[in-house]
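Novice: Sending over work37.cif (mmCIF, C-alpha atoms).
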```
data_work
loop_
_atom_site.group_PDB
_atom_site.id
_atom_site.type_symbol
_atom_site.label_atom_id
_atom_site.label_comp_id
_atom_site.auth_asym_id
_atom_site.auth_seq_id
_atom_site.Cartn_x
_atom_site.Cartn_y
_atom_site.Cartn_z
ATOM 1 C CA MET A 22 14.970 -9.140 -5.732
ATOM 2 C CA LEU A 23 18.425 -7.977 -6.853
ATOM 3 C CA PHE A 24 20.001 -4.526 -6.756
ATOM 4 C CA GLN A 25 19.634 -4.406 -10.570
ATOM 5 C CA ASP A 26 15.843 -4.495 -10.041
ATOM 6 C CA LEU A 27 15.984 -1.179 -8.144
ATOM 7 C CA ASN A 28 16.825 0.926 -11.225
ATOM 8 C CA LEU A 29 20.273 1.859 -9.954
ATOM 9 C CA ILE A 30 22.849 3.380 -12.280
ATOM 10 C CA GLU A 31 25.782 1.323 -13.538
ATOM 11 C CA PRO A 32 28.523 3.022 -11.446
ATOM 12 C CA ILE A 33 26.642 2.122 -8.261
ATOM 13 C CA LEU A 34 25.880 -1.425 -9.402
ATOM 14 C CA LYS A 35 29.571 -1.870 -10.222
ATOM 15 C CA ALA A 36 30.569 -0.637 -6.740
ATOM 16 C CA LEU A 37 28.004 -2.881 -5.058
ATOM 17 C CA LYS A 38 29.355 -5.861 -6.988
ATOM 18 C CA THR A 39 32.868 -5.001 -5.783
ATOM 19 C CA GLU A 40 31.520 -4.909 -2.220
ATOM 20 C CA GLY A 41 29.959 -8.355 -2.754
ATOM 21 C CA TYR A 42 26.370 -7.094 -2.554
ATOM 22 C CA THR A 43 23.824 -8.840 -4.769
ATOM 23 C CA GLN A 44 20.524 -8.768 -2.895
ATOM 24 C CA PRO A 45 19.180 -5.796 -0.964
ATOM 25 C CA THR A 46 18.143 -6.307 2.646
ATOM 26 C CA PRO A 47 14.479 -5.598 3.487
ATOM 27 C CA ILE A 48 15.232 -2.005 4.643
ATOM 28 C CA GLN A 49 17.205 -1.360 1.446
ATOM 29 C CA GLU A 50 14.525 -2.893 -0.779
ATOM 30 C CA GLN A 51 11.874 -0.689 0.810
ATOM 31 C CA ALA A 52 13.854 2.536 1.270
ATOM 32 C CA ILE A 53 15.831 2.870 -1.967
ATOM 33 C CA PRO A 54 12.811 3.352 -4.284
ATOM 34 C CA ILE A 55 11.272 5.923 -1.909
ATOM 35 C CA VAL A 56 14.473 7.982 -1.698
ATOM 36 C CA LEU A 57 14.950 7.765 -5.487
ATOM 37 C CA GLN A 58 11.492 9.362 -5.795
ATOM 38 C CA LYS A 59 12.821 12.221 -3.623
ATOM 39 C CA ARG A 60 10.299 11.495 -0.902
ATOM 40 C CA ASP A 61 10.863 11.849 2.835
ATOM 41 C CA LEU A 62 11.514 8.650 4.726
ATOM 42 C CA LEU A 63 11.698 7.491 8.326
ATOM 43 C CA GLY A 64 13.383 4.103 8.598
ATOM 44 C CA CYS A 65 13.904 1.784 11.544
ATOM 45 C CA ALA A 66 15.743 -1.518 11.478
ATOM 46 C CA GLN A 67 18.059 -3.604 13.631
ATOM 47 C CA THR A 68 21.801 -2.936 13.705
ATOM 48 C CA GLY A 69 23.557 -4.725 10.853
ATOM 49 C CA THR A 70 20.621 -4.705 8.440
ATOM 50 C CA GLY A 71 22.131 -2.184 6.019
ATOM 51 C CA LYS A 72 20.451 1.055 7.008
ATOM 52 C CA THR A 73 23.414 3.155 5.849
ATOM 53 C CA ALA A 74 23.300 1.612 2.375
ATOM 54 C CA ALA A 75 19.527 2.137 2.360
ATOM 55 C CA PHE A 76 20.052 5.913 2.324
ATOM 56 C CA ALA A 77 23.572 6.217 0.882
ATOM 57 C CA ILE A 78 22.941 4.308 -2.353
ATOM 58 C CA PRO A 79 19.935 6.340 -3.535
ATOM 59 C CA MET A 80 21.528 9.596 -2.345
ATOM 60 C CA LEU A 81 24.590 8.871 -4.450
ATOM 61 C CA GLN A 82 22.399 8.163 -7.453
ATOM 62 C CA LEU A 83 20.412 11.402 -7.077
ATOM 63 C CA LEU A 84 23.581 13.446 -6.625
ATOM 64 C CA ALA A 85 25.295 11.687 -9.553
ATOM 65 C CA GLU A 86 22.339 12.505 -11.812
ATOM 66 C CA ASP A 87 22.658 16.191 -10.864
ATOM 67 C CA PHE A 88 26.430 16.018 -11.423
ATOM 68 C CA ILE A 89 25.978 14.502 -14.890
ATOM 69 C CA VAL A 90 23.525 17.202 -15.992
ATOM 70 C CA GLY A 91 25.985 19.898 -14.977
ATOM 71 C CA LYS A 92 24.834 21.177 -11.582
ATOM 72 C CA LYS A 93 28.415 21.336 -10.297
ATOM 73 C CA THR A 94 29.135 23.750 -7.472
ATOM 74 C CA LYS A 95 31.444 23.813 -4.476
ATOM 75 C CA ALA A 96 28.439 24.049 -2.156
ATOM 76 C CA PRO A 97 27.397 20.892 -0.300
ATOM 77 C CA LYS A 98 24.265 19.188 -1.607
ATOM 78 C CA ALA A 99 23.839 16.467 1.015
ATOM 79 C CA LEU A 100 24.247 16.443 4.790
ATOM 80 C CA ILE A 101 24.236 13.402 7.035
ATOM 81 C CA LEU A 102 24.138 14.296 10.708
ATOM 82 C CA THR A 103 25.220 11.581 13.140
ATOM 83 C CA PRO A 104 25.926 11.478 16.891
ATOM 84 C CA THR A 105 29.510 10.158 17.067
ATOM 85 C CA ARG A 106 32.798 10.481 15.219
ATOM 86 C CA GLU A 107 33.005 6.687 14.883
ATOM 87 C CA LEU A 108 29.667 6.569 13.125
ATOM 88 C CA ALA A 109 30.584 9.574 10.960
ATOM 89 C CA ILE A 110 33.747 7.805 9.794
ATOM 90 C CA GLN A 111 31.840 4.573 9.169
ATOM 91 C CA ILE A 112 29.194 6.374 7.102
ATOM 92 C CA MET A 113 31.875 8.198 5.103
ATOM 93 C CA GLU A 114 33.577 4.886 4.359
ATOM 94 C CA SER A 115 30.255 3.528 3.071
ATOM 95 C CA PHE A 116 29.775 6.549 0.800
ATOM 96 C CA ALA A 117 33.326 6.098 -0.489
ATOM 97 C CA ALA A 118 32.705 2.408 -1.216
ATOM 98 C CA TYR A 119 29.308 2.769 -2.914
ATOM 99 C CA GLY A 120 30.344 5.960 -4.716
ATOM 100 C CA ARG A 121 33.823 4.860 -5.820
ATOM 101 C CA HIS A 122 32.869 5.253 -9.511
ATOM 102 C CA ILE A 123 31.068 8.587 -9.084
ATOM 103 C CA PRO A 124 33.150 11.816 -9.049
ATOM 104 C CA LEU A 125 31.490 13.384 -6.007
ATOM 105 C CA LYS A 126 33.546 14.989 -3.246
ATOM 106 C CA ARG A 127 32.920 13.955 0.359
ATOM 107 C CA SER A 128 33.944 15.459 3.702
ATOM 108 C CA VAL A 129 33.667 14.143 7.230
ATOM 109 C CA ILE A 130 33.444 16.613 10.104
ATOM 110 C CA PHE A 131 33.776 15.736 13.790
ATOM 111 C CA GLY A 132 35.311 17.162 16.914
ATOM 112 C CA GLY A 133 38.203 15.996 19.044
ATOM 113 C CA VAL A 134 40.738 16.591 16.271
ATOM 114 C CA SER A 135 42.210 19.631 14.533
ATOM 115 C CA GLN A 136 39.644 21.367 12.387
ATOM 116 C CA HIS A 137 42.264 22.459 9.833
ATOM 117 C CA PRO A 138 42.075 19.397 7.510
ATOM 118 C CA GLN A 139 38.279 19.526 7.654
ATOM 119 C CA VAL A 140 38.241 23.231 6.771
ATOM 120 C CA MET A 141 40.652 22.613 3.886
ATOM 121 C CA ALA A 142 38.390 19.858 2.520
ATOM 122 C CA LEU A 143 35.342 22.115 2.775
ATOM 123 C CA GLN A 144 37.134 24.968 1.009
ATOM 124 C CA GLN A 145 37.978 22.646 -1.894
ATOM 125 C CA GLY A 146 34.286 21.810 -2.192
ATOM 126 C CA SER A 147 32.218 18.932 -0.862
ATOM 127 C CA ASP A 148 29.089 17.489 -2.410
ATOM 128 C CA ILE A 149 28.426 15.323 0.661
ATOM 129 C CA ILE A 150 29.131 16.203 4.283
ATOM 130 C CA VAL A 151 28.921 13.670 7.105
ATOM 131 C CA ALA A 152 29.112 15.466 10.429
ATOM 132 C CA THR A 153 28.578 15.417 14.143
ATOM 133 C CA PRO A 154 26.431 18.311 15.403
ATOM 134 C CA GLY A 155 28.940 20.107 17.640
ATOM 135 C CA ARG A 156 31.796 20.454 15.150
ATOM 136 C CA LEU A 157 29.389 21.235 12.310
ATOM 137 C CA LEU A 158 27.849 24.100 14.285
ATOM 138 C CA ASP A 159 31.309 25.340 15.223
ATOM 139 C CA LEU A 160 32.408 25.442 11.566
ATOM 140 C CA MET A 161 29.092 27.030 10.542
ATOM 141 C CA ASN A 162 29.588 29.768 13.149
ATOM 142 C CA GLN A 163 33.092 30.398 11.789
ATOM 143 C CA GLY A 164 31.677 30.759 8.258
ATOM 144 C CA PHE A 165 33.225 27.594 6.806
ATOM 145 C CA VAL A 166 29.943 25.746 6.149
ATOM 146 C CA ASP A 167 26.893 27.083 4.340
ATOM 147 C CA LEU A 168 23.871 24.782 4.221
ATOM 148 C CA ARG A 169 21.708 26.825 1.839
ATOM 149 C CA SER A 170 22.362 24.423 -1.066
ATOM 150 C CA ILE A 171 21.531 21.226 0.814
ATOM 151 C CA GLN A 172 19.064 19.107 -1.177
ATOM 152 C CA ILE A 173 19.215 15.921 0.905
ATOM 153 C CA PHE A 174 19.341 15.749 4.697
ATOM 154 C CA VAL A 175 19.716 12.600 6.790
ATOM 155 C CA LEU A 176 19.416 12.519 10.548
ATOM 156 C CA ASP A 177 21.107 9.204 11.325
ATOM 157 C CA GLU A 178 20.545 7.577 14.713
ATOM 158 C CA ALA A 179 18.199 10.424 15.652
ATOM 159 C CA ASP A 180 17.073 8.710 18.854
ATOM 160 C CA ARG A 181 20.651 8.298 20.048
ATOM 161 C CA MET A 182 21.486 11.876 19.096
ATOM 162 C CA LEU A 183 18.599 13.149 21.208
ATOM 163 C CA ASP A 184 19.558 10.839 24.091
ATOM 164 C CA MET A 185 23.066 12.324 23.962
ATOM 165 C CA GLY A 186 21.676 15.851 24.409
ATOM 166 C CA PHE A 187 22.076 17.149 20.859
ATOM 167 C CA VAL A 188 18.461 18.337 20.497
ATOM 168 C CA ASN A 189 19.334 22.064 20.547
ATOM 169 C CA ASP A 190 22.288 21.620 18.178
ATOM 170 C CA VAL A 191 20.109 19.635 15.766
ATOM 171 C CA LYS A 192 17.417 22.331 15.874
ATOM 172 C CA LYS A 193 20.011 25.046 15.113
ATOM 173 C CA ILE A 194 21.338 23.061 12.143
ATOM 174 C CA ILE A 195 17.873 22.287 10.766
ATOM 175 C CA ALA A 196 17.011 26.003 10.997
ATOM 176 C CA LYS A 197 19.843 26.724 8.526
ATOM 177 C CA LEU A 198 18.645 24.179 5.939
ATOM 178 C CA PRO A 199 16.495 25.184 2.982
ATOM 179 C CA VAL A 200 12.782 25.000 3.765
ATOM 180 C CA GLN A 201 12.139 22.644 0.835
#
```
What would the structure in this file look like if it were written as structure tokens?
Specialist:
Amino acid sequence: MLFQDLNLIEPILKALKTEGYTQPTPIQEQAIPIVLQKRDLLGCAQTGTGKTAAFAIPMLQLLAEDFIVGKKTKAPKALILTPTRELAIQIMESFAAYGRHIPLKRSVIFGGVSQHPQVMALQQGSDIIVATPGRLLDLMNQGFVDLRSIQIFVLDEADRMLDMGFVNDVKKIIAKLPVQ
């Protein structure tokens, strides 16, 4: 199977070609069609098997389709919650690579640095937010992040996040997401 066989849009296929991707890994082959159908998914695979692409590629396609039909707002439409700043940066880089030909705005939010650049990015509008729980909650409590427009939510490395003691933060964030 090739990425072209997964019914992906041309901007994504072009970006994947630039990245040197031709064949999806097993997790990508199985996950991408499910996410494109807007169904919930729980995926497990070894490190290095392309799990990030398995959720990022179809998310970008769904968000691009909304963008094309005119559902443009400053409110975030996708949230990826991850346990560490390193992983948040890595995920954001993947979204930038796969979405290089799609005019969606992305923001990465994590602690240990000044919040000012992150707040500025949020105020300019972000379609996709990649965040660690602590800083996200902090910015939500300050009124800089509103999750009522989130359509897609990813809890990346959920087991690790729970092991690191983020269970209460994750519950608080999930409580602010739309029910559907």
Novice: Which is closest to Leu23 (chain A) among A:Ile101, A:Leu37, A:Ala85, A:Ala77, if we use all atoms listed in the file?
Specialist: A:Leu37
Novice: Contacts between region 174-184 of chain A and region 30-140 of chain A, please, where a residue of region 30-140 of chain A counts if it comes within 6 Å (with all atoms listed in the file); show its shortest atom pair and distance in Å to one decimal, rows by chain and ascending number, as JSON lines.
Specialist:
```
{"residue": "A:Ala99", "atom": "CA", "partner": "A:Phe174", "partner_atom": "CA", "distance": 5.9}
{"residue": "A:Leu100", "atom": "CA", "partner": "A:Phe174", "partner_atom": "CA", "distance": 5.0}
{"residue": "A:Ile101", "atom": "CA", "partner": "A:Val175", "partner_atom": "CA", "distance": 4.6}
{"residue": "A:Leu102", "atom": "CA", "partner": "A:Leu176", "partner_atom": "CA", "distance": 5.0}
{"residue": "A:Thr103", "atom": "CA", "partner": "A:Asp177", "partner_atom": "CA", "distance": 5.1}
{"residue": "A:Pro104", "atom": "CA", "partner": "A:Met182", "partner_atom": "CA", "distance": 5.0}
```
Novice: Grab the CA of Leu63 (chain A) to CA of Lys197 (chain A) distance for me, in Å with one decimal place.
Specialist: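 About the pair CA of Leu63 (chain A) and CA of Lys197 (chain A): they are 20.9 Å apart.
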Novice: Got a sec: who's within 6 Å of region 47-49 of chain A, counting only C-alpha atoms, leaving out chain neighbours fewer than 3 positions off, as JSON, numbers by chain?
Specialist: {"A": [52, 53, 75]}
Novice: Output the residue selection produced by the PyMOL selection byres ((chain A and resi 140) around 12) on the file above, formatted as a ChimeraX atom specification.
Specialist: /A:128-131,134-139,141-147,150,156-157,159-161,163-166
Novice: Given the choices A:Asn189, A:Thr46, A:Thr39, A:Gln201, which gets closest to Arg60 (chain A) if the distance is worked out from only C-alpha atoms?
Specialist: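 Checking each candidate against Arg60 (chain A), we get A:Gln201 as the closest.
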Novice: If you measure from CA of Pro154 (chain A) to CA of Ile194 (chain A), what distance in Å do you get, rounded to one decimal?
Specialist: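 Separation of CA of Pro154 (chain A) and CA of Ile194 (chain A): 7.7 Å.
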Novice: Which distance in Å separates CA of Ser170 (chain A) and CA of Val200 (chain A), to one decimal?
Specialist: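 Spanning CA of Ser170 (chain A) to CA of Val200 (chain A) is a straight-line distance of 10.7 Å.
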Novice: Measuring between all atoms listed in the file, which one of A:Gln82, A:Cys65, A:Thr153, A:Asp148 shows the shortest distance to Arg106 (chain A)?
Specialist: A:Thr153
Novice: Just checking: using all atoms listed in the file, which residue out of A:Lys72, A:Lys35, A:Arg121, A:Lys192 ends up closest to Gln51 (chain A)?
Specialist: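 The answer is A:Lys72, which sits nearest to Gln51 (chain A).
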Novice: Just say which residues the PyMOL selection byres ((chain A and resi 36) around 10) picks in this file, as a ChimeraX atom specification.
Specialist: /A:31-35,37-42,117-123
Novice: Compare A:Gly69, A:Ile149, A:Gly132, A:Ile173 by their minimum atom-to-atom distance to Leu57 (chain A), counting only C-alpha atoms, and give me the closest one.
Specialist: A:Ile173
Novice: Rank A:Leu83, A:Gly64, A:Gly71, A:Gly186 by their smallest atom-to-atom distance to Asn28 (chain A), using all atoms listed in the file, and report the top residue only.
Specialist: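 Closest candidate: A:Leu83.
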Novice: Run through the PyMOL selection byres ((chain A and resi 168) around 8) on the given coordinates and return the selected residues as number ranges by chain.
Specialist: A: 96-97, 166-167, 169-171, 197-199
